[in-house]
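**Q** A single structure is presented below for examination.
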Amino acid sequence: MSTRPRVGIVGTGFMGRVHARAVTAIGGRVAAVLGSSPERTAAARWPGARAAVDLDDLLAAGVDAVHLCTPNHLHARDAERIIAAGVPVVCEKPLATTVADAERLTAAAEATGLVTAVPFVYRYHPLVREARARIAADPDAGLWLLHGSYLQDWLGDRAADNWRVHPELGGETRAFGDIGVHWCDLMEYVTGHRITRVLARFGRAFAERGPAGARTAVATEDGAVITFETDRGAIGSLAVSQASAGRKNRLWFSFDGPDRSYAFDQEDPEQLWIGGRDATTVLRRDPALHSAHADRFDPLPAGHPQGYRTCFEDFVADVCAALDGHPADGLPTFADGLRAARISAAVTASAVHGTFTEVPR
């Protein structure tokens, strides 16, 4: 692969634009683009990008990797075709809308040895890495209560509709499958705990959605409350919502032990709260701290806020490093996408049956 990777992007909506910016920011090139229609493909306007007529045409552009940023129901179909063509693939979550499809994709990727990735990009906040390293280095951390929330309000309007609302396009779970999996991935990545069983309850802000006079019944959840247990004996809870007024993208966690607790809010990613019985520390992101754990993701001086876009750029840089044969610690792969699919399936089953449900290992 060249030092300036050529990337194909399938999907021209919000996430497609985020991926394209990240690719160019790390020195790559968007070589080909494919939208849901010729008009949307043409409207992408990424300089120098070939306007592909279909997926085969995009693959024929000689790309080093393909980024899938399409509606959920298309992920498994297109990722399978890309892997069969021998091309590495970055697939937006969910990797697939069923566990069986996610298992098949993961097995196919492992059989070919291709680089794969799923953008669980909140792993890339420097202070998230700092929390992870401190917890791993503390054998007596004794984390026993893992809790938090992921709250948004972009579906707080009854008239708001989106393909994600409809299970045939987005899958059986919406709020949890879209954002709850991010929180669970982050919790497991930071603490080393693995969720073993869940008890979930789904809720809706609105029974119907759409413009006045043309509303249709909603079949997916606007929010969820989940309690869970882990393989290390901890208990936890998670509240998820896409209809909480004023909450734009508030992913927050607190991982608590009897001696130390760690709290982080990705809307305020410049600080990590570290609680102690005798003293509490608010650690500010600062490259001057020379943390061996966060420095790689800490290019800006203190007081120059980093955020979501920087996380995405660092994620794409790790993908490119993997393409060059240098896989980085913490790069989320199809195996992590499969893990999210299994947790989603357990959460959905628990919400339907009202009982604790095991998460397959």
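Letters A, B, ... go to the chains of the structure tokens in the order shown; residues in each chain start at 1; ligands are counted from 1 in the same order.
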Which residues, written as a PyMOL selection string, have at least one atom at most 12 Å from Ala60 in chain A, with only C-alpha atoms counted and residues fewer than 5 positions away on the same chain left out?

**A** chain A and resi 7-8+31-33+50-55+65-66+82+85-87

**Q** For Pro258 in chain A, list every protein, DNA or RNA residue within 12 Å, evaluated using only C-alpha atoms, and leave out those in the same chain fewer than 4 positions away; present the list as a list in words.

**A**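 In the requested form, the answer reads Asp140, Ala141, Gly142, Leu143, Trp144, Leu145, Tyr262, Gly275, Gly276, Arg277 and Asp278 of chain A.
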
**Q** Pull the helix (DSSP H, G or I) assignments for range 111-306 of chain A out of DSSP run on the backbone, and list those residues as a VMD selection string.

**A** chain A and resid 111 to 112 121 to 124 126 to 136 163 to 165 167 to 170 175 to 191 287 to 289 295 to 297

**Q** Could you give me, as an NGL selection string, each residue of range 169-277 of chain A that DSSP assigns to strand (DSSP E) when run on this structure's backbone?

**A** :A and (195-203 or 208-209 or 216-217 or 223-230 or 235-241 or 250-256 or 260-265 or 271-276)

**Q** Please, could you write that set of residues out with N, CA and C atoms as a short mmCIF file (atom, residue, chain, number, x, y, z; two decimals), in the first residue's frame?

**A**
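Written output follows (again.cif):
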```
data_model
loop_
_atom_site.label_atom_id
_atom_site.label_comp_id
_atom_site.auth_asym_id
_atom_site.auth_seq_id
_atom_site.Cartn_x
_atom_site.Cartn_y
_atom_site.Cartn_z
N ILE A 195 -19.49 -8.06 29.86
CA ILE A 195 -20.89 -8.23 30.25
C ILE A 195 -21.29 -9.68 30.04
N THR A 196 -21.87 -10.28 31.07
CA THR A 196 -22.26 -11.70 30.97
C THR A 196 -23.76 -11.89 30.83
N ARG A 197 -24.57 -11.00 31.46
CA ARG A 197 -26.01 -11.09 31.26
C ARG A 197 -26.63 -9.74 31.52
N VAL A 198 -27.81 -9.54 30.90
CA VAL A 198 -28.46 -8.23 30.90
C VAL A 198 -29.95 -8.37 31.22
N LEU A 199 -30.48 -7.30 31.79
CA LEU A 199 -31.92 -7.16 31.97
C LEU A 199 -32.29 -5.80 31.41
N ALA A 200 -33.13 -5.77 30.38
CA ALA A 200 -33.38 -4.54 29.63
C ALA A 200 -34.86 -4.20 29.56
N ARG A 201 -35.13 -2.91 29.50
CA ARG A 201 -36.48 -2.42 29.29
C ARG A 201 -36.40 -1.33 28.23
N PHE A 202 -37.19 -1.47 27.16
CA PHE A 202 -37.24 -0.47 26.09
C PHE A 202 -38.42 0.47 26.32
N GLY A 203 -38.27 1.71 25.85
CA GLY A 203 -39.35 2.68 25.94
C GLY A 203 -39.39 3.58 24.72
N GLU A 208 -46.12 7.01 17.59
CA GLU A 208 -46.15 7.23 16.15
C GLU A 208 -45.20 8.37 15.79
N ARG A 209 -44.68 8.33 14.58
CA ARG A 209 -43.79 9.38 14.09
C ARG A 209 -44.15 9.78 12.68
N THR A 216 -46.84 7.17 11.26
CA THR A 216 -46.90 5.71 11.27
C THR A 216 -46.40 5.19 12.61
N ALA A 217 -46.83 3.98 12.96
CA ALA A 217 -46.46 3.39 14.24
C ALA A 217 -44.95 3.16 14.31
N GLY A 223 -35.48 4.76 23.66
CA GLY A 223 -34.53 4.68 24.77
C GLY A 223 -34.60 3.35 25.45
N ALA A 224 -33.67 3.12 26.35
CA ALA A 224 -33.60 1.85 27.06
C ALA A 224 -32.91 2.05 28.40
N VAL A 225 -33.27 1.21 29.33
CA VAL A 225 -32.58 1.11 30.61
C VAL A 225 -32.12 -0.34 30.76
N ILE A 226 -30.84 -0.51 31.00
CA ILE A 226 -30.26 -1.84 31.06
C ILE A 226 -29.50 -2.00 32.36
N THR A 227 -29.73 -3.10 33.06
CA THR A 227 -28.85 -3.50 34.15
C THR A 227 -28.07 -4.72 33.69
N PHE A 228 -26.86 -4.88 34.22
CA PHE A 228 -26.04 -5.98 33.74
C PHE A 228 -25.09 -6.47 34.84
N GLU A 229 -24.52 -7.64 34.60
CA GLU A 229 -23.49 -8.22 35.44
C GLU A 229 -22.28 -8.53 34.57
N THR A 230 -21.10 -8.58 35.20
CA THR A 230 -19.88 -8.84 34.43
C THR A 230 -19.18 -10.10 34.93
N ILE A 235 -21.63 -5.19 39.04
CA ILE A 235 -22.97 -4.90 38.54
C ILE A 235 -22.93 -3.54 37.86
N GLY A 236 -23.93 -3.31 36.99
CA GLY A 236 -23.91 -2.04 36.27
C GLY A 236 -25.26 -1.65 35.74
N SER A 237 -25.33 -0.42 35.27
CA SER A 237 -26.56 0.08 34.66
C SER A 237 -26.21 1.08 33.57
N LEU A 238 -27.10 1.15 32.60
CA LEU A 238 -26.93 2.06 31.47
C LEU A 238 -28.28 2.60 31.05
N ALA A 239 -28.38 3.93 30.91
CA ALA A 239 -29.57 4.58 30.35
C ALA A 239 -29.20 5.13 28.98
N VAL A 240 -30.02 4.82 27.98
CA VAL A 240 -29.79 5.24 26.60
C VAL A 240 -31.03 5.97 26.10
N SER A 241 -30.83 7.09 25.39
CA SER A 241 -31.98 7.81 24.85
C SER A 241 -31.59 8.60 23.62
N ARG A 250 -24.24 13.04 24.74
CA ARG A 250 -23.64 12.91 26.06
C ARG A 250 -23.41 11.44 26.42
N LEU A 251 -22.22 10.96 26.09
CA LEU A 251 -21.78 9.65 26.55
C LEU A 251 -20.98 9.89 27.83
N TRP A 252 -21.49 9.35 28.94
CA TRP A 252 -20.88 9.56 30.25
C TRP A 252 -20.75 8.22 30.96
N PHE A 253 -19.61 8.02 31.64
CA PHE A 253 -19.48 6.82 32.46
C PHE A 253 -18.86 7.14 33.80
N SER A 254 -19.15 6.27 34.77
CA SER A 254 -18.47 6.26 36.07
C SER A 254 -18.19 4.81 36.42
N PHE A 255 -16.92 4.49 36.60
CA PHE A 255 -16.50 3.14 36.95
C PHE A 255 -15.95 3.21 38.38
N ASP A 256 -16.67 2.61 39.31
CA ASP A 256 -16.46 2.88 40.72
C ASP A 256 -15.89 1.70 41.49
N ARG A 260 -10.91 4.01 44.40
CA ARG A 260 -10.85 4.97 43.31
C ARG A 260 -12.03 4.76 42.37
N SER A 261 -12.52 5.86 41.83
CA SER A 261 -13.56 5.84 40.80
C SER A 261 -13.11 6.73 39.65
N TYR A 262 -13.56 6.40 38.45
CA TYR A 262 -13.16 7.13 37.25
C TYR A 262 -14.41 7.54 36.49
N ALA A 263 -14.52 8.83 36.17
CA ALA A 263 -15.69 9.34 35.44
C ALA A 263 -15.23 10.18 34.26
N PHE A 264 -15.97 10.07 33.15
CA PHE A 264 -15.61 10.76 31.90
C PHE A 264 -16.88 11.11 31.15
N ASP A 265 -16.88 12.29 30.55
CA ASP A 265 -18.01 12.77 29.75
C ASP A 265 -17.45 13.19 28.40
N GLN A 271 -11.20 16.43 30.44
CA GLN A 271 -10.92 16.10 31.82
C GLN A 271 -11.40 14.69 32.18
N LEU A 272 -10.64 14.09 33.09
CA LEU A 272 -10.98 12.79 33.67
C LEU A 272 -11.09 12.99 35.18
N TRP A 273 -12.25 12.66 35.73
CA TRP A 273 -12.49 12.78 37.16
C TRP A 273 -12.06 11.49 37.83
N ILE A 274 -11.14 11.60 38.80
CA ILE A 274 -10.65 10.43 39.53
C ILE A 274 -10.98 10.65 41.00
N GLY A 275 -11.93 9.88 41.48
CA GLY A 275 -12.39 10.04 42.85
C GLY A 275 -11.64 9.17 43.82
N GLY A 276 -11.37 9.72 45.02
CA GLY A 276 -10.78 8.96 46.11
C GLY A 276 -11.51 9.29 47.40
#
```

**Q** As a count of residues only, please: the residues near Val115 in chain A (cut-off 12 Å, only C-alpha atoms, same-chain neighbours under 2 positions excluded).

**A** 37

**Q** Find the spatial neighbours of Trp163 in chain A, counting only C-alpha atoms, within a cut-off of 10 Å - ignore same-chain residues fewer than 5 positions away - and output them as a PyMOL selection string.

**A** chain A and resi 71-72+168-171
